[in-house]
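Here is the file data.txt (compact mmCIF, C-alpha atoms and all ligand atoms).
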```
# COMPACT_ATOMS: atom_id res chain seq x y z
CA MET A 998 0.00 0.00 0.00
CA TYR A 999 1.33 3.43 -0.94
CA THR A 1000 1.04 5.95 1.90
CA GLN A 1001 2.66 9.21 2.70
CA ALA A 1002 3.99 7.62 5.90
CA MET A 1003 5.86 5.00 3.91
CA ASP A 1004 7.11 7.69 1.62
CA THR A 1005 8.49 9.85 4.41
CA GLY A 1006 10.38 7.05 6.16
CA PRO A 1007 13.47 6.88 3.94
CA LYS A 1008 13.40 10.66 3.47
CA GLU A 1009 13.46 11.18 7.24
CA GLU A 1010 16.31 8.70 7.49
CA ARG A 1011 18.22 10.52 4.73
CA LYS A 1012 17.63 13.79 6.57
CA ALA A 1013 18.89 12.27 9.81
CA VAL A 1014 21.95 10.85 8.05
CA ARG A 1015 22.58 14.18 6.32
CA SER A 1016 22.26 16.15 9.51
CA ALA A 1017 24.58 13.74 11.36
CA ALA A 1018 27.12 14.20 8.56
CA GLU A 1019 26.61 17.95 8.66
CA ALA A 1020 26.99 18.03 12.43
CA GLU A 1021 30.32 16.27 12.05
CA LEU A 1022 31.41 18.73 9.36
CA GLU A 1023 30.33 21.64 11.52
CA ALA A 1024 32.22 20.26 14.52
CA ARG A 1025 35.35 19.89 12.36
CA PHE A 1026 34.89 23.47 11.07
CA GLU A 1027 34.48 24.82 14.62
CA SER A 1028 37.59 23.03 15.81
CA HIS A 1029 39.59 24.48 12.86
CA ILE A 1030 38.35 27.92 13.91
CA ASP A 1031 39.22 27.29 17.58
CA GLU A 1032 42.72 26.21 16.61
CA GLY A 1033 43.16 29.36 14.54
CA ASP A 1034 43.44 27.44 11.24
CA PHE A 1035 42.56 29.06 7.94
CA ILE A 1036 39.46 27.97 6.01
CA GLU A 1037 40.02 27.53 2.27
CA ALA A 1038 37.44 27.99 -0.50
CA LYS A 1039 36.91 24.25 -0.99
CA ASP A 1040 36.56 23.49 2.72
CA TRP A 1041 33.10 22.87 4.15
CA MET A 1042 31.67 25.93 5.92
CA PRO A 1043 28.31 26.79 7.49
CA GLU A 1044 25.98 28.78 5.24
CA HIS A 1045 25.88 31.70 7.69
CA TYR A 1046 29.72 31.95 7.67
CA ARG A 1047 29.68 32.00 3.84
CA LYS A 1048 26.95 34.67 3.73
CA THR A 1049 28.71 36.84 6.33
CA LEU A 1050 31.90 36.73 4.29
CA VAL A 1051 30.17 37.47 0.98
CA ARG A 1052 28.47 40.48 2.63
CA GLN A 1053 31.63 41.87 4.19
CA ILE A 1054 34.04 41.14 1.31
CA SER A 1055 31.68 42.43 -1.39
CA GLN A 1056 30.93 45.59 0.63
CA HIS A 1057 34.66 46.04 1.06
CA ALA A 1058 35.19 45.61 -2.72
CA HIS A 1059 32.43 48.15 -3.46
CA SER A 1060 34.07 50.60 -1.02
CA GLU A 1061 37.34 50.35 -2.93
CA ILE A 1062 35.82 51.16 -6.30
CA VAL A 1063 33.40 53.82 -5.01
CA GLY A 1064 36.40 55.21 -3.09
CA MET A 1065 38.09 55.94 -6.43
CA LEU A 1066 35.46 58.61 -7.18
CA PRO A 1067 36.13 61.39 -4.63
CA GLU A 1068 39.87 61.18 -5.33
CA GLY A 1069 39.44 60.77 -9.09
CA ASN A 1070 37.76 64.20 -9.06
CA TRP A 1071 41.16 65.74 -8.28
CA VAL A 1072 43.41 63.97 -10.82
CA THR A 1073 43.09 66.85 -13.30
CA ARG A 1074 43.55 69.45 -10.56
CA ALA A 1075 46.57 68.08 -8.65
CA PRO A 1076 48.95 70.99 -7.97
CA THR A 1077 52.15 69.44 -9.39
CA LEU A 1078 53.20 66.68 -11.78
CA LYS A 1079 54.57 64.68 -8.84
CA ARG A 1080 51.27 64.89 -6.90
CA LYS A 1081 49.30 64.03 -10.05
CA ALA A 1082 51.44 60.91 -10.68
CA ILE A 1083 51.03 59.82 -7.03
CA LEU A 1084 47.27 60.36 -7.08
CA LEU A 1085 46.85 58.50 -10.39
CA ALA A 1086 48.81 55.55 -8.99
CA LYS A 1087 46.77 55.57 -5.78
CA VAL A 1088 43.40 55.64 -7.56
CA GLN A 1089 44.60 52.81 -9.80
CA ASP A 1090 45.65 50.83 -6.70
CA GLU A 1091 42.13 51.19 -5.27
CA GLY A 1092 40.71 49.70 -8.49
CA GLY A 1093 43.14 46.78 -8.06
CA HIS A 1094 42.04 46.30 -4.44
CA GLY A 1095 38.43 46.11 -5.62
CA LEU A 1096 39.40 43.40 -8.11
CA TYR A 1097 41.30 41.25 -5.57
CA LEU A 1098 38.31 41.51 -3.23
CA TYR A 1099 35.68 40.69 -5.87
CA ALA A 1100 37.84 37.67 -6.79
CA ALA A 1101 38.03 36.63 -3.10
CA ALA A 1102 34.22 36.92 -2.78
CA GLU A 1103 33.73 34.91 -6.00
CA THR A 1104 35.50 31.93 -4.36
CA LEU A 1105 32.43 31.76 -2.07
CA GLY A 1106 30.12 31.08 -5.01
CA THR A 1107 28.77 34.56 -5.75
CA SER A 1108 29.28 35.97 -9.23
CA ARG A 1109 30.72 39.40 -9.98
CA ASP A 1110 27.48 40.31 -11.77
CA GLN A 1111 25.41 39.45 -8.68
CA MET A 1112 27.64 41.62 -6.48
CA ILE A 1113 27.58 44.57 -8.89
CA ASP A 1114 23.81 44.26 -9.22
CA ALA A 1115 23.47 44.38 -5.41
CA LEU A 1116 25.54 47.59 -5.34
CA HIS A 1117 23.64 49.27 -8.16
CA SER A 1118 20.23 48.35 -6.78
CA GLY A 1119 21.15 49.69 -3.32
CA ARG A 1120 20.95 46.24 -1.63
CA ALA A 1121 24.67 46.21 -0.83
CA LYS A 1122 26.45 48.83 1.22
CA TYR A 1123 29.81 50.53 0.76
CA SER A 1124 31.78 52.56 3.29
CA SER A 1125 29.93 55.63 4.61
CA ILE A 1126 33.09 57.72 4.21
CA PHE A 1127 32.81 57.94 0.43
CA ASN A 1128 29.54 59.85 0.59
CA TYR A 1129 31.30 63.07 1.58
CA PRO A 1130 32.55 65.61 -1.01
CA THR A 1131 36.20 66.48 -1.72
CA LEU A 1132 36.11 70.28 -1.70
CA SER A 1133 39.80 71.21 -1.81
CA TRP A 1134 43.24 69.73 -2.57
CA ALA A 1135 43.78 69.36 1.20
CA ASP A 1136 40.88 66.87 1.23
CA ILE A 1137 43.03 64.54 -0.89
CA GLY A 1138 45.84 64.70 1.68
CA VAL A 1139 43.37 64.15 4.51
CA ILE A 1140 41.80 61.15 2.75
CA GLY A 1141 45.27 59.59 2.56
CA TRP A 1142 46.15 60.41 6.17
CA LEU A 1143 42.81 59.75 7.93
CA VAL A 1144 40.74 57.56 5.59
CA ASP A 1145 43.57 55.28 4.47
CA GLY A 1146 44.89 55.45 8.05
CA ALA A 1147 41.53 54.16 9.34
CA ALA A 1148 41.46 51.58 6.56
CA ILE A 1149 44.87 50.19 7.58
CA MET A 1150 43.91 50.08 11.25
CA ASN A 1151 40.83 48.02 10.29
CA GLN A 1152 42.50 45.92 7.61
CA VAL A 1153 45.75 44.76 9.24
CA PRO A 1154 43.77 42.43 11.58
CA LEU A 1155 41.94 41.15 8.46
CA THR A 1156 45.23 39.67 7.19
CA ARG A 1157 44.61 37.08 9.95
CA CYS A 1158 40.95 36.60 9.04
CA SER A 1159 39.95 32.91 9.20
CA TYR A 1160 38.94 32.86 5.50
CA ALA A 1161 42.25 32.39 3.68
CA PRO A 1162 41.44 33.98 0.26
CA TYR A 1163 40.30 37.19 2.04
CA ALA A 1164 43.33 37.15 4.36
CA ARG A 1165 45.71 36.73 1.39
CA ALA A 1166 44.07 39.61 -0.52
CA MET A 1167 44.40 41.79 2.58
CA VAL A 1168 48.17 41.21 2.88
CA ARG A 1169 48.77 42.81 -0.50
CA ILE A 1170 46.17 45.54 0.03
CA CYS A 1171 47.67 46.58 3.39
CA ARG A 1172 51.13 46.97 1.87
CA GLU A 1173 49.72 49.39 -0.67
CA GLU A 1174 47.48 51.18 1.84
CA SER A 1175 50.44 52.05 4.02
CA PHE A 1176 51.98 53.96 1.08
CA HIS A 1177 48.62 55.67 0.57
CA GLN A 1178 48.57 56.81 4.17
CA ARG A 1179 52.17 58.06 3.98
CA GLN A 1180 51.58 60.04 0.78
CA GLY A 1181 48.57 61.76 2.37
CA PHE A 1182 50.53 62.67 5.48
CA ASP A 1183 53.42 63.89 3.31
CA ALA A 1184 51.16 66.11 1.16
CA LEU A 1185 49.67 67.70 4.31
CA ASN A 1186 53.07 68.04 5.96
CA VAL A 1187 54.40 70.00 2.98
CA MET A 1188 51.39 72.33 3.10
CA MET A 1189 51.71 72.82 6.87
CA ARG A 1190 55.50 73.41 6.76
CA GLU A 1191 55.96 75.35 3.53
CA GLY A 1192 52.45 76.58 2.70
CA THR A 1193 50.85 79.99 2.95
CA ALA A 1194 48.45 80.86 5.78
CA ALA A 1195 45.56 80.14 3.37
CA GLN A 1196 46.95 76.67 2.59
CA LYS A 1197 47.37 75.88 6.28
CA ALA A 1198 43.78 77.00 6.89
CA MET A 1199 42.67 74.75 4.01
CA VAL A 1200 44.31 71.75 5.74
CA GLN A 1201 42.63 72.54 9.06
CA ASP A 1202 39.26 72.94 7.31
CA ALA A 1203 39.69 69.52 5.65
CA VAL A 1204 40.60 67.93 9.01
CA ASP A 1205 37.49 69.55 10.56
CA ARG A 1206 35.24 67.98 7.92
CA TRP A 1207 36.84 64.49 7.70
CA TRP A 1208 37.68 63.77 11.37
CA TRP A 1209 34.26 62.56 12.56
CA PRO A 1210 33.31 60.66 9.38
CA SER A 1211 36.71 58.84 9.65
CA LEU A 1212 35.84 57.72 13.19
CA MET A 1213 32.52 56.41 11.86
CA MET A 1214 34.31 54.16 9.33
CA PHE A 1215 34.85 51.53 12.06
CA GLY A 1216 31.11 50.92 12.26
CA PRO A 1217 28.55 51.32 15.06
CA PRO A 1218 29.49 50.98 18.73
CA ASP A 1219 30.12 47.36 19.80
CA GLY A 1220 26.78 47.22 21.64
CA GLU A 1221 24.94 48.02 18.38
CA SER A 1222 27.10 45.96 16.01
CA THR A 1223 24.81 43.35 14.42
CA HIS A 1224 27.54 41.04 13.18
CA GLY A 1225 30.43 41.85 15.52
CA ALA A 1226 30.13 39.06 18.09
CA GLN A 1227 29.54 36.25 15.59
CA SER A 1228 32.29 37.50 13.28
CA ALA A 1229 34.69 37.62 16.24
CA ARG A 1230 33.68 34.05 17.19
CA TRP A 1231 34.49 32.92 13.63
CA GLY A 1232 37.80 34.77 13.52
CA ILE A 1233 36.62 37.07 10.72
CA LYS A 1234 36.94 40.17 12.88
CA ARG A 1235 39.91 40.03 15.24
CA ILE A 1236 39.41 43.42 16.94
CA SER A 1237 36.05 45.04 17.73
CA ASN A 1238 34.73 48.26 16.12
CA ASP A 1239 35.24 50.33 19.31
CA ASP A 1240 38.73 48.96 20.05
CA LEU A 1241 39.89 49.75 16.51
CA ARG A 1242 38.36 53.23 16.74
CA GLN A 1243 40.28 53.86 19.99
CA LYS A 1244 43.55 52.67 18.42
CA PHE A 1245 42.93 55.03 15.51
CA VAL A 1246 42.21 58.03 17.78
CA ASP A 1247 45.37 57.31 19.80
CA ALA A 1248 47.59 57.07 16.73
CA THR A 1249 46.18 60.01 14.76
CA THR A 1250 45.97 62.43 17.69
CA ASP A 1251 49.75 62.18 18.07
CA GLN A 1252 50.22 62.50 14.29
CA ALA A 1253 47.99 65.62 14.31
CA LYS A 1254 50.41 67.21 16.79
CA VAL A 1255 53.32 66.52 14.42
CA LEU A 1256 51.36 68.07 11.54
CA GLY A 1257 50.23 71.07 13.60
CA VAL A 1258 46.48 70.56 13.08
CA THR A 1259 43.76 70.31 15.73
CA PRO A 1260 41.10 67.58 15.57
CA PRO A 1261 37.64 69.21 15.92
CA ASP A 1262 36.88 67.61 19.29
CA PRO A 1263 37.04 69.75 22.47
CA LEU A 1264 36.79 66.56 24.58
CA LEU A 1265 39.85 64.91 23.01
CA LYS A 1266 42.20 64.52 25.97
CA TRP A 1267 44.84 62.04 27.15
CA ASN A 1268 43.58 59.86 30.01
CA ASP A 1269 46.46 58.59 32.14
CA ASP A 1270 44.31 56.00 33.91
CA ARG A 1271 43.11 54.39 30.69
CA GLY A 1272 46.35 54.92 28.79
CA HIS A 1273 44.26 56.23 25.86
CA TYR A 1274 42.82 59.46 24.54
CA ASP A 1275 39.24 60.17 25.64
CA PHE A 1276 37.11 61.58 22.85
CA GLY A 1277 33.70 63.21 22.44
CA PRO A 1278 30.42 61.56 21.39
CA ILE A 1279 30.00 60.51 17.76
CA ASP A 1280 26.88 61.65 15.90
CA TRP A 1281 25.47 58.18 15.16
CA ALA A 1282 22.29 59.70 13.72
CA GLU A 1283 24.46 61.20 10.96
CA PHE A 1284 26.19 57.83 10.42
CA TRP A 1285 22.89 55.96 9.96
CA ARG A 1286 21.56 58.73 7.69
CA VAL A 1287 24.59 58.35 5.43
CA VAL A 1288 24.50 54.53 5.56
CA GLY A 1289 20.78 54.73 4.76
CA GLY A 1290 21.49 56.58 1.50
CA HIS A 1291 20.98 60.17 2.62
CA GLY A 1292 24.54 61.49 2.88
CA PRO A 1293 25.77 64.50 0.88
CA CYS A 1294 26.96 62.42 -2.12
CA ASN A 1295 25.19 59.01 -2.01
CA ARG A 1296 23.11 59.61 -5.16
CA GLU A 1297 26.05 61.11 -7.08
CA ARG A 1298 28.36 58.18 -6.22
CA LEU A 1299 25.85 55.51 -7.20
CA ASP A 1300 24.92 57.32 -10.42
CA ALA A 1301 28.62 57.58 -11.35
CA ARG A 1302 29.14 53.82 -10.77
CA ILE A 1303 26.03 52.87 -12.75
CA LYS A 1304 27.07 55.14 -15.65
CA ALA A 1305 30.59 53.67 -15.66
CA TRP A 1306 29.11 50.15 -15.72
CA ASP A 1307 26.70 50.97 -18.57
CA ASP A 1308 29.32 52.88 -20.60
CA GLY A 1309 31.77 49.98 -20.19
CA ALA A 1310 29.31 47.32 -21.43
CA TRP A 1311 30.83 47.30 -24.94
CA VAL A 1312 34.33 46.66 -23.47
CA ARG A 1313 33.05 43.66 -21.48
CA ASP A 1314 31.19 42.35 -24.56
CA ALA A 1315 34.28 42.75 -26.75
CA ALA A 1316 36.49 40.99 -24.17
CA MET A 1317 34.03 38.09 -23.93
CA ALA A 1318 33.79 37.82 -27.76
CA TYR A 1319 37.60 37.78 -27.99
CA ALA A 1320 37.84 35.09 -25.29
CA ARG A 1321 35.23 32.97 -27.11
CA LYS A 1322 37.18 33.34 -30.39
CA GLN A 1323 40.43 32.30 -28.70
CA THR A 1324 38.73 29.21 -27.20
CA MET A 1325 37.27 28.24 -30.59
CA LYS A 1326 40.70 28.64 -32.23
CA LYS A 1327 42.30 26.44 -29.56
CA GLU A 1328 39.61 23.79 -29.94
CA ALA A 1329 39.97 23.79 -33.75
CA ALA A 1330 43.79 23.40 -33.57
N1 LIG B 1401 29.79 52.29 6.24
O1 LIG B 1401 27.48 44.74 12.55
P1 LIG B 1401 28.40 45.78 12.05
C1 LIG B 1401 39.04 52.10 1.99
C2 LIG B 1401 27.06 48.56 8.43
S1 LIG B 1401 37.82 50.97 1.80
C3 LIG B 1401 28.69 51.67 5.80
O2 LIG B 1401 29.43 46.29 12.99
P2 LIG B 1401 30.43 44.46 10.45
C4 LIG B 1401 39.51 52.94 0.90
C5 LIG B 1401 27.37 47.07 8.33
O3 LIG B 1401 27.65 46.69 7.00
C6 LIG B 1401 37.15 50.90 3.46
N2 LIG B 1401 28.06 50.67 6.47
O4 LIG B 1401 29.07 45.26 10.68
C7 LIG B 1401 39.09 52.74 -0.40
C8 LIG B 1401 26.09 46.48 8.89
O5 LIG B 1401 25.06 46.56 7.91
P3 LIG B 1401 24.57 45.23 7.07
C9 LIG B 1401 36.18 49.81 3.62
C10 LIG B 1401 28.63 50.28 7.64
O6 LIG B 1401 30.47 44.03 9.04
C11 LIG B 1401 39.46 53.63 -1.40
C12 LIG B 1401 25.69 47.47 9.96
O7 LIG B 1401 26.34 48.69 9.64
N3 LIG B 1401 36.69 48.84 4.55
O8 LIG B 1401 39.42 52.26 3.10
O9 LIG B 1401 30.61 43.41 11.49
C13 LIG B 1401 40.24 54.74 -1.07
C14 LIG B 1401 26.12 47.01 11.35
O10 LIG B 1401 27.56 47.02 11.49
C15 LIG B 1401 29.81 50.87 8.13
C16 LIG B 1401 36.07 47.68 4.75
O11 LIG B 1401 35.04 47.41 4.17
C17 LIG B 1401 30.39 51.91 7.40
N4 LIG B 1401 31.50 52.56 7.80
O12 LIG B 1401 31.57 45.56 10.71
C18 LIG B 1401 40.69 54.93 0.22
C19 LIG B 1401 36.76 46.74 5.72
N5 LIG B 1401 30.12 50.25 9.30
O13 LIG B 1401 25.78 44.76 6.27
C20 LIG B 1401 40.33 54.03 1.23
C21 LIG B 1401 36.05 45.42 5.86
C22 LIG B 1401 29.16 49.34 9.52
O14 LIG B 1401 24.12 44.23 8.07
N6 LIG B 1401 34.84 45.53 6.61
N7 LIG B 1401 28.28 49.36 8.54
O15 LIG B 1401 23.48 45.75 6.18
C23 LIG B 1401 34.80 45.48 7.97
O16 LIG B 1401 35.82 45.39 8.65
C24 LIG B 1401 33.44 45.47 8.63
O17 LIG B 1401 32.50 45.15 7.65
C25 LIG B 1401 33.09 46.83 9.31
C26 LIG B 1401 31.65 46.71 9.87
C27 LIG B 1401 34.03 47.09 10.46
C28 LIG B 1401 33.12 48.00 8.32
```

Could I get this file's structure written as structure tokens?
Ligand code: BYC
Amino acid sequence: MYTQAMDTGPKEERKAVRSAAEAELEARFESHIDEGDFIEAKDWMPEHYRKTLVRQISQHAHSEIVGMLPEGNWVTRAPTLKRKAILLAKVQDEGGHGLYLYAAAETLGTSRDQMIDALHSGRAKYSSIFNYPTLSWADIGVIGWLVDGAAIMNQVPLTRCSYAPYARAMVRICREESFHQRQGFDALNVMMREGTAAQKAMVQDAVDRWWWPSLMMFGPPDGESTHGAQSARWGIKRISNDDLRQKFVDATTDQAKVLGVTPPDPLLKWNDDRGHYDFGPIDWAEFWRVVGGHGPCNRERLDARIKAWDDGAWVRDAAMAYARKQTMKKEAA
């Protein structure tokens, strides 16, 4: 007699067998994580770990390529040939970082087209920092010093991230980012040492506008971080949002003294007991407004990316046609 009960028996057994096998795989994965081992693309991983990585790595990739836009605005207006060559190389590096990161995310089974579509449709995020305008040449120096400085602080721990393809991409990216930070500091240092009073004021104005948004780059406070605890458990994030932010404030406050600029925070003060600088409250309402798409340049940035994607369609088509032709030639030979 054919009954549903008979039908479900073997299925239930298969499910039980599968979940026992999965439980074993999960236990092995957890013990790799506990021992601090790296997870490779072909290793078994829980679906939530995969999704967390795709989210973070693709958002990181989007940040790199959207991050090319505010700096790209100044390539034609760099004050000297030397500064123009440096800026061109830096913007090109950011494009390269985006490509390593898209490639790392692709190893998790998500296609480049899916990631780009998520960016263009507003489903994926990119760093809040790139929704602010670059109003003067000093902004380019400050992006190098503060924005790349914050990026390095956040990204050095990612070279030890448990997912090996991401960790490997980060090693190369961090080497380049440290040059980016140095060139920004150097450009500001020249203006502060040899510049006119107007140039020095331009640097201070840029610091005033970029200081707080740079502190926001590390994400919401630990108590409000949705993914922080789980990502720490999995060895994706090695240092929490607030701890990284504090390290950044400590390092840059001393660098600001060397430069001769003043961070726009009256509460910024060394605390002997803590062994850190205390700093004032961050405007988290502004952060969430920007993350939610309502920053000064969100629309402009997204429109520029979508236009670049549409305008470049013929290049992608031509490259694919060429690759197909090469394959056909090889097969015919
Ligand atoms: N902007 O649970 P949380 C660069 C979102 S590139 C926007 O703490 P998580 C450079 C977060 O996504 C710099 N959104 O998240 C390039 C989450 O929302 P969803 C980029 C942010 O992932 C060119 C929600 O808030 N660096 O430096 O555990 C030129 C709750 O947050 C932001 C990276 O991407 C933000 N700032 O921690 C120059 C580094 N912060 O996704 C320079 C890799 C948080 O649930 N990423 N959110 O919708 C990370 O390390 C982590 O993803 C973060 C956030 C620390 C950023």

Exercise for the section: Tell me which protein, DNA and RNA residues are within 7 Å of segment 1077-1089 of chain A, counting all atoms listed in the file, leaving out same-chain ones fewer than 4 positions away, and put them as a PyMOL selection string. Expected result: chain A and resi 1065+1068-1069+1072+1093+1177

Problem - Test item: residues lying within 8 Å of ligand LIG 1401 (chain B) with all atoms listed in the file, as number ranges by chain - result: A: 1049, 1052-1054, 1056-1058, 1060-1065, 1068, 1088, 1091, 1121-1126, 1140-1141, 1144-1145, 1147-1149, 1151-1152, 1155, 1174, 1177, 1213-1219, 1221-1226, 1228, 1234, 1237-1238, 1284, 1287-1288

Practice task
Please identify all polymer residues within 6 Å of Cys1158 of chain A, counting all atoms listed in the file, omitting same-chain residues fewer than 3 positions from it, and present them as a ChimeraX atom specification.
Solution key: /A:1155,1164,1232-1233

Practice task
Choose the residue, out of A:Gln1323, A:Ala1184, A:Asp1300, A:Asp1239, that has the smallest atom-to-atom separation from Lys1197 of chain A; count only C-alpha atoms.
Solution key: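 With only C-alpha atoms as the atom set, the closest residue is A:Ala1184.
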
Practice task
Would you work out the distance separating atom CA of Ile1030 of chain A from atom CA of Arg1165 of chain A, expressed in Å to one decimal?
Solution key: 17.0 Å

Is it possible to add N, CA, C and O atoms to segment 1206-1223 of chain A and hand it back as a PDB file, in the coordinates of the input?
```pdb
ATOM      1  N   ARG A1206      36.353  68.658   8.587  1.00  0.00           N
ATOM      2  CA  ARG A1206      35.240  67.980   7.920  1.00  0.00           C
ATOM      3  C   ARG A1206      35.386  66.457   7.900  1.00  0.00           C
ATOM      4  O   ARG A1206      34.403  65.731   7.857  1.00  0.00           O
ATOM      5  N   TRP A1207      36.648  65.946   7.880  1.00  0.00           N
ATOM      6  CA  TRP A1207      36.840  64.490   7.700  1.00  0.00           C
ATOM      7  C   TRP A1207      37.053  63.731   9.012  1.00  0.00           C
ATOM      8  O   TRP A1207      37.000  62.509   9.040  1.00  0.00           O
ATOM      9  N   TRP A1208      37.344  64.455  10.110  1.00  0.00           N
ATOM     10  CA  TRP A1208      37.680  63.770  11.370  1.00  0.00           C
ATOM     11  C   TRP A1208      36.561  62.820  11.819  1.00  0.00           C
ATOM     12  O   TRP A1208      36.752  61.614  11.982  1.00  0.00           O
ATOM     13  N   TRP A1209      35.351  63.383  12.015  1.00  0.00           N
ATOM     14  CA  TRP A1209      34.260  62.560  12.560  1.00  0.00           C
ATOM     15  C   TRP A1209      33.823  61.454  11.599  1.00  0.00           C
ATOM     16  O   TRP A1209      33.677  60.288  12.028  1.00  0.00           O
ATOM     17  N   PRO A1210      33.662  61.765  10.291  1.00  0.00           N
ATOM     18  CA  PRO A1210      33.310  60.660   9.380  1.00  0.00           C
ATOM     19  C   PRO A1210      34.371  59.538   9.375  1.00  0.00           C
ATOM     20  O   PRO A1210      34.035  58.369   9.209  1.00  0.00           O
ATOM     21  N   SER A1211      35.668  59.885   9.603  1.00  0.00           N
ATOM     22  CA  SER A1211      36.710  58.840   9.650  1.00  0.00           C
ATOM     23  C   SER A1211      36.491  57.931  10.861  1.00  0.00           C
ATOM     24  O   SER A1211      36.683  56.712  10.775  1.00  0.00           O
ATOM     25  N   LEU A1212      36.095  58.534  11.986  1.00  0.00           N
ATOM     26  CA  LEU A1212      35.840  57.720  13.190  1.00  0.00           C
ATOM     27  C   LEU A1212      34.641  56.788  12.993  1.00  0.00           C
ATOM     28  O   LEU A1212      34.565  55.711  13.587  1.00  0.00           O
ATOM     29  N   MET A1213      33.713  57.242  12.125  1.00  0.00           N
ATOM     30  CA  MET A1213      32.520  56.410  11.860  1.00  0.00           C
ATOM     31  C   MET A1213      32.835  55.207  10.985  1.00  0.00           C
ATOM     32  O   MET A1213      32.069  54.247  10.936  1.00  0.00           O
ATOM     33  N   MET A1214      33.965  55.265  10.247  1.00  0.00           N
ATOM     34  CA  MET A1214      34.310  54.160   9.330  1.00  0.00           C
ATOM     35  C   MET A1214      34.355  52.807  10.020  1.00  0.00           C
ATOM     36  O   MET A1214      34.140  51.773   9.402  1.00  0.00           O
ATOM     37  N   PHE A1215      34.678  52.810  11.340  1.00  0.00           N
ATOM     38  CA  PHE A1215      34.850  51.530  12.060  1.00  0.00           C
ATOM     39  C   PHE A1215      33.525  50.857  12.383  1.00  0.00           C
ATOM     40  O   PHE A1215      33.511  49.771  12.956  1.00  0.00           O
ATOM     41  N   GLY A1216      32.423  51.521  12.029  1.00  0.00           N
ATOM     42  CA  GLY A1216      31.110  50.920  12.260  1.00  0.00           C
ATOM     43  C   GLY A1216      30.508  51.332  13.585  1.00  0.00           C
ATOM     44  O   GLY A1216      31.144  52.026  14.382  1.00  0.00           O
ATOM     45  N   PRO A1217      29.267  50.897  13.848  1.00  0.00           N
ATOM     46  CA  PRO A1217      28.550  51.320  15.060  1.00  0.00           C
ATOM     47  C   PRO A1217      29.258  50.854  16.316  1.00  0.00           C
ATOM     48  O   PRO A1217      30.123  49.972  16.258  1.00  0.00           O
ATOM     49  N   PRO A1218      28.880  51.430  17.471  1.00  0.00           N
ATOM     50  CA  PRO A1218      29.490  50.980  18.730  1.00  0.00           C
ATOM     51  C   PRO A1218      29.269  49.469  18.916  1.00  0.00           C
ATOM     52  O   PRO A1218      28.279  48.922  18.406  1.00  0.00           O
ATOM     53  N   ASP A1219      30.185  48.830  19.650  1.00  0.00           N
ATOM     54  CA  ASP A1219      30.120  47.360  19.800  1.00  0.00           C
ATOM     55  C   ASP A1219      28.732  46.881  20.228  1.00  0.00           C
ATOM     56  O   ASP A1219      28.241  45.864  19.742  1.00  0.00           O
ATOM     57  N   GLY A1220      28.086  47.637  21.137  1.00  0.00           N
ATOM     58  CA  GLY A1220      26.780  47.220  21.640  1.00  0.00           C
ATOM     59  C   GLY A1220      25.707  47.217  20.564  1.00  0.00           C
ATOM     60  O   GLY A1220      24.669  46.586  20.715  1.00  0.00           O
ATOM     61  N   GLU A1221      25.949  47.956  19.460  1.00  0.00           N
ATOM     62  CA  GLU A1221      24.940  48.020  18.380  1.00  0.00           C
ATOM     63  C   GLU A1221      25.415  47.317  17.118  1.00  0.00           C
ATOM     64  O   GLU A1221      24.774  47.408  16.070  1.00  0.00           O
ATOM     65  N   SER A1222      26.562  46.643  17.189  1.00  0.00           N
ATOM     66  CA  SER A1222      27.100  45.960  16.010  1.00  0.00           C
ATOM     67  C   SER A1222      26.358  44.631  15.805  1.00  0.00           C
ATOM     68  O   SER A1222      26.417  43.740  16.641  1.00  0.00           O
ATOM     69  N   THR A1223      25.639  44.541  14.669  1.00  0.00           N
ATOM     70  CA  THR A1223      24.810  43.350  14.420  1.00  0.00           C
ATOM     71  C   THR A1223      25.650  42.091  14.280  1.00  0.00           C
ATOM     72  O   THR A1223      25.291  41.026  14.763  1.00  0.00           O
TER      73      THR A1223
END
```
